[in-house]
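Structure file protein_5.cif (mmCIF, C-alpha atoms) is printed below.
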data_upload
#
loop_
_atom_site.label_atom_id
_atom_site.label_comp_id
_atom_site.auth_asym_id
_atom_site.auth_seq_id
_atom_site.Cartn_x
_atom_site.Cartn_y
_atom_site.Cartn_z
CA MET A 1 -15.75 42.53 -19.46
CA THR A 2 -17.80 39.47 -18.53
CA PHE A 3 -16.39 36.01 -17.78
CA ARG A 4 -17.74 34.72 -21.10
CA GLY A 5 -16.14 37.64 -22.87
CA ILE A 6 -12.77 36.90 -21.22
CA LEU A 7 -12.93 33.28 -22.36
CA SER A 8 -13.97 34.33 -25.85
CA GLU A 9 -11.05 36.76 -26.15
CA ALA A 10 -8.64 34.11 -24.82
CA ALA A 11 -9.92 31.53 -27.33
CA ALA A 12 -9.63 34.02 -30.19
CA ALA A 13 -6.04 34.87 -29.20
CA LEU A 14 -5.06 31.19 -29.04
CA ASN A 15 -6.69 30.55 -32.40
CA PHE A 16 -4.91 33.52 -33.98
CA ASN A 17 -1.54 32.22 -32.75
CA ARG A 18 -2.48 28.63 -33.50
CA GLN A 19 0.95 27.28 -34.42
CA ARG A 20 2.62 28.80 -31.37
CA SER A 21 -0.16 27.54 -29.09
CA LEU A 22 0.03 24.01 -30.51
CA LEU A 23 3.81 23.84 -30.13
CA THR A 24 3.56 25.01 -26.51
CA MET A 25 0.81 22.45 -25.82
CA ALA A 26 2.99 19.76 -27.41
CA SER A 27 5.95 20.59 -25.15
CA LEU A 28 3.75 20.46 -22.05
CA ALA A 29 2.09 17.24 -23.24
CA TRP A 30 5.52 15.67 -23.67
CA GLY A 31 6.44 16.68 -20.12
CA VAL A 32 3.26 15.15 -18.68
CA ALA A 33 3.69 11.98 -20.74
CA CYS A 34 7.29 11.62 -19.50
CA PHE A 35 6.16 12.08 -15.90
CA VAL A 36 3.37 9.49 -16.23
CA ILE A 37 5.58 6.93 -18.01
CA LEU A 38 8.53 7.38 -15.64
CA TYR A 39 6.33 7.13 -12.55
CA SER A 40 4.62 4.03 -13.96
CA TYR A 41 8.04 2.49 -14.57
CA GLY A 42 9.18 3.25 -11.01
CA GLU A 43 5.98 1.84 -9.54
CA GLY A 44 6.22 -1.32 -11.66
CA PHE A 45 9.90 -1.73 -10.73
CA GLY A 46 9.01 -1.58 -7.03
CA VAL A 47 6.22 -4.15 -7.38
CA ALA A 48 8.55 -6.51 -9.29
CA LEU A 49 11.22 -6.21 -6.58
CA ARG A 50 8.74 -6.82 -3.74
CA THR A 51 7.16 -9.80 -5.51
CA SER A 52 10.55 -11.37 -6.23
CA PHE A 53 11.72 -10.83 -2.66
CA GLN A 54 8.55 -12.32 -1.17
CA ALA A 55 8.97 -15.46 -3.29
CA VAL A 56 11.17 -16.82 -0.47
CA GLY A 57 8.09 -16.76 1.79
CA GLN A 58 5.19 -14.41 2.37
CA ASP A 59 6.16 -13.73 5.99
CA LEU A 60 9.05 -16.12 6.53
CA VAL A 61 10.92 -16.44 9.82
CA LEU A 62 14.05 -18.61 9.65
CA MET A 63 15.34 -19.97 12.94
CA PHE A 64 18.46 -21.91 13.83
CA GLY A 65 20.49 -22.63 16.93
CA GLY A 66 23.12 -20.26 18.23
CA GLN A 67 25.32 -19.84 21.29
CA THR A 68 24.28 -18.51 24.66
CA SER A 69 25.70 -15.17 25.73
CA ALA A 70 24.32 -15.20 29.28
CA GLN A 71 24.12 -17.70 32.12
CA ALA A 72 20.72 -19.24 32.74
CA GLY A 73 19.50 -22.01 35.02
CA GLY A 74 22.98 -22.75 36.29
CA GLU A 75 24.30 -23.27 32.75
CA ARG A 76 27.45 -21.49 31.62
CA SER A 77 27.40 -18.89 28.87
CA GLY A 78 28.89 -19.78 25.49
CA ARG A 79 26.94 -23.06 25.35
CA LYS A 80 25.77 -24.13 21.88
CA ILE A 81 22.06 -24.56 21.30
CA LYS A 82 21.02 -27.22 18.79
CA LEU A 83 17.47 -27.26 17.49
CA GLU A 84 15.69 -30.59 17.62
CA LEU A 85 12.87 -32.03 15.51
CA THR A 86 10.56 -31.96 18.55
CA ASP A 87 11.02 -28.16 18.79
CA ALA A 88 8.80 -27.73 15.74
CA ASP A 89 6.06 -29.69 17.52
CA LEU A 90 6.51 -27.58 20.66
CA ILE A 91 6.01 -24.39 18.68
CA ARG A 92 3.03 -25.86 16.85
CA ASP A 93 1.33 -26.91 20.09
CA ASN A 94 2.23 -23.99 22.37
CA VAL A 95 2.39 -20.83 20.23
CA PRO A 96 -1.05 -20.03 18.73
CA LEU A 97 0.35 -16.90 17.08
CA VAL A 98 2.36 -19.13 14.70
CA ALA A 99 0.25 -20.14 11.69
CA ALA A 100 2.55 -22.83 10.29
CA VAL A 101 5.92 -24.32 11.25
CA SER A 102 8.27 -26.86 9.68
CA ALA A 103 11.65 -28.31 10.54
CA GLU A 104 14.12 -28.49 7.64
CA LEU A 105 17.12 -30.73 7.01
CA MET A 106 19.56 -30.01 4.19
CA LEU A 107 21.06 -33.02 2.45
CA ARG A 108 23.73 -31.14 0.56
CA ASP A 109 25.69 -32.63 -2.33
CA SER A 110 23.31 -35.57 -2.58
CA ASN A 111 23.95 -37.97 -5.44
CA VAL A 112 20.84 -37.83 -7.63
CA VAL A 113 20.52 -40.21 -10.56
CA GLN A 114 17.90 -40.35 -13.29
CA GLY A 115 18.63 -42.86 -16.03
CA ALA A 116 22.04 -42.01 -17.45
CA ARG A 117 22.10 -38.58 -15.82
CA GLN A 118 23.83 -38.01 -12.50
CA GLN A 119 23.84 -34.74 -10.58
CA SER A 120 25.06 -33.45 -7.22
CA MET A 121 22.12 -31.57 -5.71
CA THR A 122 20.72 -30.19 -2.48
CA VAL A 123 17.79 -32.18 -1.13
CA ARG A 124 15.57 -30.39 1.38
CA ALA A 125 13.78 -32.71 3.79
CA VAL A 126 10.76 -30.81 5.12
CA GLU A 127 7.37 -31.16 6.78
CA VAL A 128 4.01 -30.65 5.06
CA PRO A 129 3.41 -26.98 6.15
CA TYR A 130 6.70 -26.00 4.49
CA GLY A 131 4.92 -25.50 1.15
CA LYS A 132 2.61 -22.85 2.60
CA ILE A 133 5.40 -21.09 4.50
CA ARG A 134 7.74 -20.93 1.50
CA ASN A 135 5.20 -19.98 -1.20
CA MET A 136 5.61 -23.21 -3.16
CA SER A 137 3.50 -23.11 -6.32
CA LEU A 138 3.32 -26.12 -8.61
CA THR A 139 3.36 -26.34 -12.37
CA SER A 140 2.09 -29.91 -12.21
CA GLY A 141 1.50 -32.66 -9.68
CA ARG A 142 1.06 -32.05 -5.95
CA TRP A 143 2.85 -31.04 -2.78
CA LEU A 144 3.61 -33.35 0.14
CA THR A 145 0.64 -34.69 2.12
CA ASN A 146 0.18 -35.82 5.72
CA GLU A 147 -0.12 -39.38 4.48
CA ASP A 148 3.27 -39.06 2.72
CA TYR A 149 4.79 -37.86 5.97
CA GLN A 150 3.19 -40.39 8.30
CA THR A 151 3.94 -43.43 6.11
CA LYS A 152 7.40 -42.24 5.02
CA GLN A 153 6.53 -42.31 1.34
CA ARG A 154 9.44 -42.05 -1.06
CA VAL A 155 8.08 -39.11 -2.99
CA ALA A 156 9.88 -36.02 -4.28
CA ILE A 157 9.01 -32.58 -5.65
CA LEU A 158 11.49 -31.04 -8.07
CA GLY A 159 12.50 -27.42 -8.45
CA ALA A 160 12.27 -26.11 -12.03
CA LYS A 161 16.04 -26.14 -12.69
CA ALA A 162 16.51 -29.45 -10.90
CA ALA A 163 13.91 -31.01 -13.19
CA GLN A 164 15.62 -29.57 -16.25
CA LYS A 165 18.98 -30.98 -15.20
CA LEU A 166 17.53 -34.45 -14.63
CA PHE A 167 14.84 -34.71 -17.30
CA GLY A 168 15.50 -31.97 -19.84
CA GLU A 169 12.20 -31.20 -21.57
CA ILE A 170 10.55 -34.48 -20.53
CA PRO A 171 7.67 -34.10 -17.97
CA PRO A 172 9.03 -35.59 -14.71
CA ASP A 173 5.70 -36.45 -13.06
CA GLY A 174 5.46 -40.14 -12.22
CA GLU A 175 9.10 -40.77 -13.09
CA THR A 176 11.60 -42.30 -10.68
CA ILE A 177 14.88 -40.83 -9.43
CA SER A 178 17.53 -42.16 -7.06
CA ILE A 179 18.74 -40.06 -4.11
CA ASN A 180 21.87 -41.47 -2.47
CA GLY A 181 20.84 -44.94 -3.68
CA LEU A 182 17.19 -44.72 -2.53
CA GLN A 183 14.40 -44.70 -5.15
CA PHE A 184 11.87 -41.81 -5.11
CA GLU A 185 8.81 -41.14 -7.25
CA VAL A 186 8.45 -37.60 -8.61
CA VAL A 187 4.97 -36.38 -7.67
CA GLY A 188 5.27 -32.64 -8.33
CA LEU A 189 7.10 -29.96 -10.29
CA LEU A 190 7.53 -26.47 -8.83
CA LYS A 191 6.94 -23.32 -10.85
CA THR A 192 10.06 -21.35 -11.66
CA LYS A 193 10.70 -18.99 -8.78
CA THR A 194 11.83 -15.50 -9.71
CA GLN A 195 13.52 -15.13 -6.35
CA ILE A 196 16.09 -12.54 -5.28
CA SER A 197 16.24 -13.66 -1.64
CA ASN A 198 17.54 -17.07 -0.62
CA TYR A 199 19.11 -19.01 2.18
CA ASN A 200 21.32 -21.86 1.07
CA THR A 201 20.65 -23.25 -2.43
CA PRO A 202 17.90 -21.51 -4.49
CA ASP A 203 14.60 -23.38 -4.49
CA ASN A 204 14.68 -23.82 -8.27
CA GLU A 205 17.73 -26.07 -7.94
CA CYS A 206 16.50 -28.19 -5.01
CA ILE A 207 14.59 -31.42 -4.50
CA PHE A 208 12.03 -31.63 -1.68
CA ILE A 209 11.18 -34.84 0.19
CA PRO A 210 9.30 -35.64 3.44
CA LEU A 211 11.45 -35.15 6.52
CA SER A 212 10.23 -38.46 7.93
CA THR A 213 11.44 -40.27 4.78
CA ALA A 214 14.83 -38.59 5.13
CA SER A 215 15.37 -40.73 8.26
CA LEU A 216 16.16 -43.55 5.81
CA LEU A 217 19.11 -41.51 4.59
CA HIS A 218 20.23 -39.41 7.57
CA ASP A 219 19.64 -38.77 11.27
CA ILE A 220 16.79 -36.25 11.45
CA LYS A 221 16.87 -35.55 15.19
CA TYR A 222 18.79 -32.30 14.67
CA PRO A 223 17.41 -30.34 11.69
CA ASP A 224 19.45 -27.51 10.16
CA ASP A 225 16.74 -24.95 10.80
CA ILE A 226 13.07 -24.40 11.55
CA VAL A 227 10.92 -22.13 9.41
CA TRP A 228 7.61 -20.62 10.46
CA MET A 229 5.19 -17.83 9.70
CA PRO A 230 3.05 -15.75 12.08
CA ALA A 231 -0.73 -16.02 12.00
CA ASN A 232 -0.90 -12.27 11.42
CA PRO A 233 1.91 -9.82 10.56
CA MET A 234 0.58 -7.51 13.29
CA PHE A 235 1.53 -10.09 15.93
CA ARG A 236 4.91 -11.05 14.46
CA THR A 237 6.91 -9.47 17.31
CA GLN A 238 4.76 -11.18 19.95
CA ALA A 239 5.08 -14.50 18.12
CA VAL A 240 8.88 -14.20 18.14
CA LYS A 241 8.84 -13.55 21.90
CA GLN A 242 6.58 -16.53 22.53
CA VAL A 243 8.72 -18.85 20.38
CA ARG A 244 11.85 -17.75 22.27
CA ALA A 245 10.10 -18.31 25.61
CA VAL A 246 8.91 -21.82 24.70
CA LEU A 247 12.30 -22.97 23.42
CA ALA A 248 14.14 -21.24 26.29
CA ARG A 249 12.34 -23.46 28.78
CA VAL A 250 13.28 -26.63 26.88
CA HIS A 251 16.89 -25.72 26.07
CA ASN A 252 17.52 -23.88 29.33
CA PHE A 253 18.58 -20.44 28.12
CA ALA A 254 17.34 -16.95 28.93
CA PRO A 255 14.37 -15.87 26.74
CA THR A 256 16.07 -12.48 26.32
CA ASP A 257 19.30 -14.04 25.04
CA GLU A 258 19.01 -13.30 21.32
CA ARG A 259 22.29 -15.07 20.51
CA ALA A 260 21.07 -18.38 21.89
CA LEU A 261 18.45 -18.62 19.18
CA GLU A 262 19.19 -16.93 15.85
CA LEU A 263 16.15 -15.64 13.96
CA ILE A 264 16.09 -14.08 10.51
CA ILE A 265 12.82 -12.23 9.95
CA PHE A 266 12.70 -11.78 6.18
CA ASN A 267 9.90 -9.24 6.33
CA GLU A 268 12.28 -6.79 8.01
CA PHE A 269 14.37 -6.75 4.83
CA MET A 270 11.31 -5.50 2.98
CA LYS A 271 12.04 -2.08 4.45
CA ILE A 272 15.20 -1.95 2.34
CA ILE A 273 13.26 -2.97 -0.78
CA ASP A 274 10.58 -0.35 -0.03
CA VAL A 275 13.20 2.37 0.51
CA MET A 276 14.92 1.46 -2.77
CA SER A 277 11.60 1.51 -4.62
CA ALA A 278 10.56 4.82 -3.06
CA ALA A 279 13.95 6.38 -3.85
CA LEU A 280 13.65 5.33 -7.49
CA GLN A 281 10.11 6.68 -7.74
CA VAL A 282 11.17 9.99 -6.20
CA LEU A 283 14.12 10.24 -8.63
CA LEU A 284 11.97 9.46 -11.66
CA GLY A 285 9.26 11.80 -10.35
CA LEU A 286 11.81 14.62 -10.03
CA ILE A 287 13.03 13.99 -13.58
CA GLY A 288 9.43 14.15 -14.79
CA ALA A 289 8.78 17.31 -12.75
CA LEU A 290 11.89 18.97 -14.20
CA THR A 291 10.66 18.11 -17.69
CA LEU A 292 7.36 19.77 -16.80
CA ALA A 293 9.23 22.80 -15.43
CA ILE A 294 11.12 23.19 -18.72
CA GLY A 295 7.77 23.21 -20.50
CA GLY A 296 6.55 25.80 -18.00
CA ILE A 297 9.54 28.05 -18.75
CA GLY A 298 8.71 27.76 -22.44
CA LEU A 299 5.11 28.73 -21.66
CA ALA A 300 6.22 31.78 -19.66
CA ASN A 301 8.49 32.86 -22.51
CA ILE A 302 5.73 32.45 -25.08
CA MET A 303 3.29 34.44 -22.93
CA LEU A 304 5.81 37.27 -22.44
CA VAL A 305 6.32 37.43 -26.20
CA SER A 306 2.55 37.45 -26.61
CA VAL A 307 2.23 40.44 -24.24
CA THR A 308 4.90 42.33 -26.22
CA GLN A 309 3.26 41.58 -29.54
CA ARG A 310 -0.20 42.50 -28.30
CA THR A 311 0.74 45.72 -26.48
CA ARG A 312 -1.42 47.91 -28.75
CA GLU A 313 -4.33 45.45 -28.45
CA ILE A 314 -4.08 45.72 -24.65
CA GLY A 315 -4.08 49.53 -24.98
CA VAL A 316 -7.26 49.39 -27.09
CA LEU A 317 -8.97 47.07 -24.58
CA LYS A 318 -8.09 49.39 -21.70
CA SER A 319 -9.20 52.47 -23.61
CA ILE A 320 -12.67 51.00 -24.10
CA GLY A 321 -13.05 50.18 -20.43
CA ALA A 322 -11.32 46.83 -19.79
CA THR A 323 -10.09 46.67 -16.19
CA ARG A 324 -6.73 45.43 -14.98
CA GLY A 325 -8.49 42.38 -13.54
CA ALA A 326 -10.07 41.57 -16.92
CA ILE A 327 -6.71 41.82 -18.73
CA LEU A 328 -5.08 39.70 -16.01
CA ALA A 329 -7.85 37.10 -16.23
CA GLN A 330 -7.65 36.94 -20.04
CA PHE A 331 -3.92 36.17 -20.13
CA LEU A 332 -4.22 33.72 -17.25
CA ALA A 333 -7.10 32.02 -19.08
CA GLU A 334 -4.91 31.66 -22.18
CA ALA A 335 -2.07 30.14 -20.16
CA MET A 336 -4.34 27.77 -18.24
CA ALA A 337 -6.09 26.68 -21.44
CA ILE A 338 -2.76 25.75 -23.00
CA VAL A 339 -1.73 23.92 -19.82
CA THR A 340 -5.02 22.03 -19.45
CA VAL A 341 -5.20 20.86 -23.05
CA GLY A 342 -1.49 19.99 -23.06
CA GLY A 343 -1.89 18.06 -19.81
CA LEU A 344 -4.87 16.10 -21.14
CA ILE A 345 -2.97 15.18 -24.29
CA GLY A 346 0.05 14.20 -22.18
CA VAL A 347 -2.02 11.88 -19.97
CA LEU A 348 -3.51 10.24 -23.08
CA ILE A 349 -0.03 9.79 -24.59
CA GLY A 350 1.28 8.33 -21.31
CA TRP A 351 -1.68 5.97 -21.08
CA GLY A 352 -1.24 4.93 -24.71
CA VAL A 353 2.50 4.24 -24.33
CA THR A 354 2.14 2.24 -21.10
CA SER A 355 -0.79 0.28 -22.55
CA GLY A 356 1.23 -0.44 -25.67
CA ILE A 357 4.35 -1.56 -23.81
CA GLN A 358 2.55 -3.22 -20.85
CA THR A 359 5.55 -5.30 -19.72
CA LEU A 360 9.30 -4.70 -19.64
CA PRO A 361 11.73 -7.53 -18.78
CA LEU A 362 13.60 -7.28 -15.50
CA LEU A 363 14.28 -10.52 -13.61
CA GLY A 364 12.36 -12.90 -15.88
CA PRO A 365 15.17 -13.47 -18.43
CA LEU A 366 17.69 -13.96 -15.61
CA PHE A 367 15.63 -16.77 -14.05
CA LYS A 368 14.22 -17.99 -17.39
CA ASP A 369 10.75 -17.31 -16.05
CA THR A 370 8.17 -16.65 -18.76
CA SER A 371 5.27 -16.08 -16.34
CA GLY A 372 6.09 -12.35 -16.04
CA THR A 373 6.18 -12.46 -12.24
CA GLY A 374 9.54 -10.72 -12.00
CA ASP A 375 8.98 -8.28 -14.86
CA ILE A 376 7.94 -4.63 -14.77
CA HIS A 377 4.22 -4.22 -15.48
CA LEU A 378 3.35 -0.69 -16.56
CA HIS A 379 0.02 0.88 -15.77
CA VAL A 380 -1.04 4.47 -15.28
CA SER A 381 -1.84 5.05 -11.62
CA ARG A 382 -4.35 7.55 -10.32
CA PHE A 383 -1.61 9.18 -8.25
CA ALA A 384 0.53 9.78 -11.37
CA ILE A 385 -2.37 11.47 -13.15
CA ILE A 386 -3.39 13.61 -10.17
CA SER A 387 0.16 14.62 -9.22
CA SER A 388 1.25 15.42 -12.80
CA THR A 389 -1.92 17.43 -13.42
CA THR A 390 -1.53 19.33 -10.14
CA VAL A 391 2.13 20.10 -10.80
CA LEU A 392 1.34 21.18 -14.37
CA GLU A 393 -1.49 23.47 -13.32
CA ALA A 394 0.75 25.04 -10.66
CA ILE A 395 3.52 25.54 -13.21
CA GLY A 396 1.03 26.97 -15.71
CA LEU A 397 -0.35 29.38 -13.11
CA CYS A 398 3.14 30.59 -12.17
CA ALA A 399 4.27 30.78 -15.81
CA GLY A 400 1.19 32.73 -16.86
CA LEU A 401 0.98 35.02 -13.85
CA LEU A 402 4.06 37.18 -14.57
CA PRO A 403 3.11 37.95 -18.19
CA ALA A 404 -0.51 38.50 -17.13
CA LEU A 405 0.57 40.98 -14.44
CA LYS A 406 2.79 42.76 -16.94
CA ALA A 407 -0.09 43.03 -19.40
CA SER A 408 -2.55 44.29 -16.76
CA ARG A 409 -0.15 47.01 -15.58
CA LEU A 410 0.50 48.52 -19.00
CA ASP A 411 -0.40 52.20 -19.31
CA PRO A 412 -3.14 52.46 -22.00
CA ILE A 413 -1.69 55.61 -23.60
CA GLU A 414 1.85 54.17 -23.74
CA ALA A 415 0.41 50.90 -25.07
CA LEU A 416 -1.42 52.68 -27.91
CA ARG A 417 1.81 54.47 -28.90
CA TYR A 418 3.77 51.18 -28.94
CA GLU A 419 5.20 50.27 -32.35
#
Before anything else, please render the file you have as structure tokens.
Amino acid sequence: MTFRGILSEAAAALNFNRQRSLLTMASLAWGVACFVILYSYGEGFGVALRTSFQAVGQDLVLMFGGQTSAQAGGERSGRKIKLELTDADLIRDNVPLVAAVSAELMLRDSNVVQGARQQSMTVRAVEVPYGKIRNMSLTSGRWLTNEDYQTKQRVAILGAKAAQKLFGEIPPDGETISINGLQFEVVGLLKTKTQISNYNTPDNECIFIPLSTASLLHDIKYPDDIVWMPANPMFRTQAVKQVRAVLARVHNFAPTDERALELIIFNEFMKIIDVMSAALQVLLGLIGALTLAIGGIGLANIMLVSVTQRTREIGVLKSIGATRGAILAQFLAEAMAIVTVGGLIGVLIGWGVTSGIQTLPLLGPLFKDTSGTGDIHLHVSRFAIISSTTVLEAIGLCAGLLPALKASRLDPIEALRYE
């Protein structure tokens, strides 16, 4: 029997048992569609988590003073280290691996007044590079400029929730607010941050002013912390070592004393987010694979029934010269045809469902963010298609092989006698 003849016989058999073939294809298509949709959900969930975590800063390093744990330069251990405003300049001038650096002073529980409204808020006094380091995107207006900083301009940028508390639905740009009795002009409004990582008060609820201007309200010699970002993530570890070395010389502590200078490298927490995302994708992938396996069991059952029902037909084929290989190939061809068509339909269904849904809410409603940044965006990935198709073909091959072997090993005389 030729290859064309095998395919012709397989097609005729599938057409004869049309209803059974269609139902089997439908079950396999459903399994593939579930796999594609679940994997797309897991992938979108991971992207939403990573995006929301990175809202705190693309590659943020938070640094604040600690307490020495070793003696250095004749100084006793246990000495407190306080960061100074000049430390930010030292890093800027002496560590080329740092792309941007800013000192930060927290004016907590500041009395903020706008018209008849009065709120207790956190005011962050920062330097100009802070906006780049902390991923500050604006809905309207502008960020702080060098001129604002050098001339101590009384300008302020409002977080989304801070603006809502003070102005409601009124655009705040150009309006005036009072911070601890000092008048400030609002020059910018931040976009709502869908942010799951914070230090201190969330950015949405804060007001940002130039650090130089904050000297009119508070002593700025000792900032609460210094934030910076490396020029390249590849050199982050080297940048940390260089920053420690520069500040160790000024503050007289050992560069290897990690307790003297506390650093929080936010990018290291991304490993946890990535592990969580990968675990979810593996779980959803396993659920999808099990759904495919159930379809494969159904296919194997249907093929075994088909062998039983077609025992006399197999006997006739063998009696007219069909070889065991031809019988094996015919039944495998039937199984693989069902699997291939079912898989194609499943991919199309998965693509149609994900395209129809597109976005599922996750963190957006929690932060009242309508931009969709923190939501799950569904799209069919190439990996989902390739992996689901590969798994399905493997399942179809295994499910069709046992019935095909059984059919090929039937004795032609016994098969012709079968009732």
Using all atoms listed in the file, pick whichever of A:Tyr149, A:Phe64, A:Phe235, A:Phe167 has the shortest atom-to-atom distance to Glu262 in chain A. A:Phe64
For Leu348 in chain A, please output as a ChimeraX atom specification all residues within 9 Å (counting only C-alpha atoms; exclusion window: fewer than 5 positions along the same chain). /A:29,33,343,353
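Between Thr201 in chain A and the candidates A:Gln19, A:Gln183, A:Thr122, A:Thr256, the tightest atom-to-atom separation, counting only C-alpha atoms, involves A:Thr122.
Restricting the calculation to only C-alpha atoms, the smallest distance between Phe253 in chain A and any of A:Gln54, A:Lys82, A:Ile157, A:Val47 is found for A:Lys82.
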For the file shown, report as a PyMOL selection string the outcome of the PyMOL selection byres ((chain A and resi 80) around 9) at residue level. chain A and resi 65-68+77-79+81-82+260
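In this model, the gap between CA of Glu43 in chain A and CA of Ile345 in chain A comes to 21.8 Å.
Counting all atoms listed in the file, Val240 in chain A has the following residues at most 10 Å away, ignoring those fewer than 3 positions along the same chain: Val61, Val95, Leu97, Val98, Met229, Pro230, Phe235, Arg236, Thr237, Val243, Arg244, Ala245, Leu263 and Ile265 of chain A.
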Considering only C-alpha atoms, state which residue in the set A:Val347, A:Ala278, A:Leu405, A:Leu211 is at the smallest distance from Ile386 in chain A. A:Val347
Which residues are close to range 334-339 of chain A, i.e. within 7 Å by all atoms listed in the file, leaving aside same-chain residues fewer than 4 positions away? Reply as a list in words. Ala10, Leu14, Ser21, Met25, Leu28, Gln330, Gly343, Leu392, Glu393, Gly396, Leu397 and Gly400 of chain A
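A search radius of 10 Å centred on (9.6, 23.5, -16.1), applied to all atoms listed in the file, returns the residues Leu28, Gly31, Gly288, Ala289, Leu290, Thr291, Leu292, Ala293, Ile294, Gly295, Gly296, Ile297, Gly298, Leu299, Ala300, Val391, Leu392, Ile395, Gly396 and Ala399 of chain A.
One distance worth recording is that between CA of Arg20 in chain A and CA of Gly346 in chain A, which is 17.4 Å.
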Output the residue selection produced by the PyMOL selection byres ((chain A and resi 223) around 8) on the file above, formatted as a PDB file with C-alpha atoms, keeping the file's coordinate frame.
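New file out20.pdb:
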ATOM      1  CA  LEU A  83      17.470 -27.260  17.490  1.00  0.00           C
ATOM      2  CA  GLU A  84      15.690 -30.590  17.620  1.00  0.00           C
ATOM      3  CA  LEU A  85      12.870 -32.030  15.510  1.00  0.00           C
ATOM      4  CA  ALA A 103      11.650 -28.310  10.540  1.00  0.00           C
ATOM      5  CA  GLU A 104      14.120 -28.490   7.640  1.00  0.00           C
ATOM      6  CA  LEU A 105      17.120 -30.730   7.010  1.00  0.00           C
ATOM      7  CA  MET A 106      19.560 -30.010   4.190  1.00  0.00           C
ATOM      8  CA  ILE A 220      16.790 -36.250  11.450  1.00  0.00           C
ATOM      9  CA  LYS A 221      16.870 -35.550  15.190  1.00  0.00           C
ATOM     10  CA  TYR A 222      18.790 -32.300  14.670  1.00  0.00           C
ATOM     11  CA  ASP A 224      19.450 -27.510  10.160  1.00  0.00           C
ATOM     12  CA  ASP A 225      16.740 -24.950  10.800  1.00  0.00           C
ATOM     13  CA  ILE A 226      13.070 -24.400  11.550  1.00  0.00           C
TER      14      ILE A 226
END
Hey, what comes out of the PyMOL selection byres ((chain A and resi 359) around 12) on this file? Could you write it as an MDAnalysis selection string? chainID A and resid 40:41 44:45 48 353:358 360:364 370:379
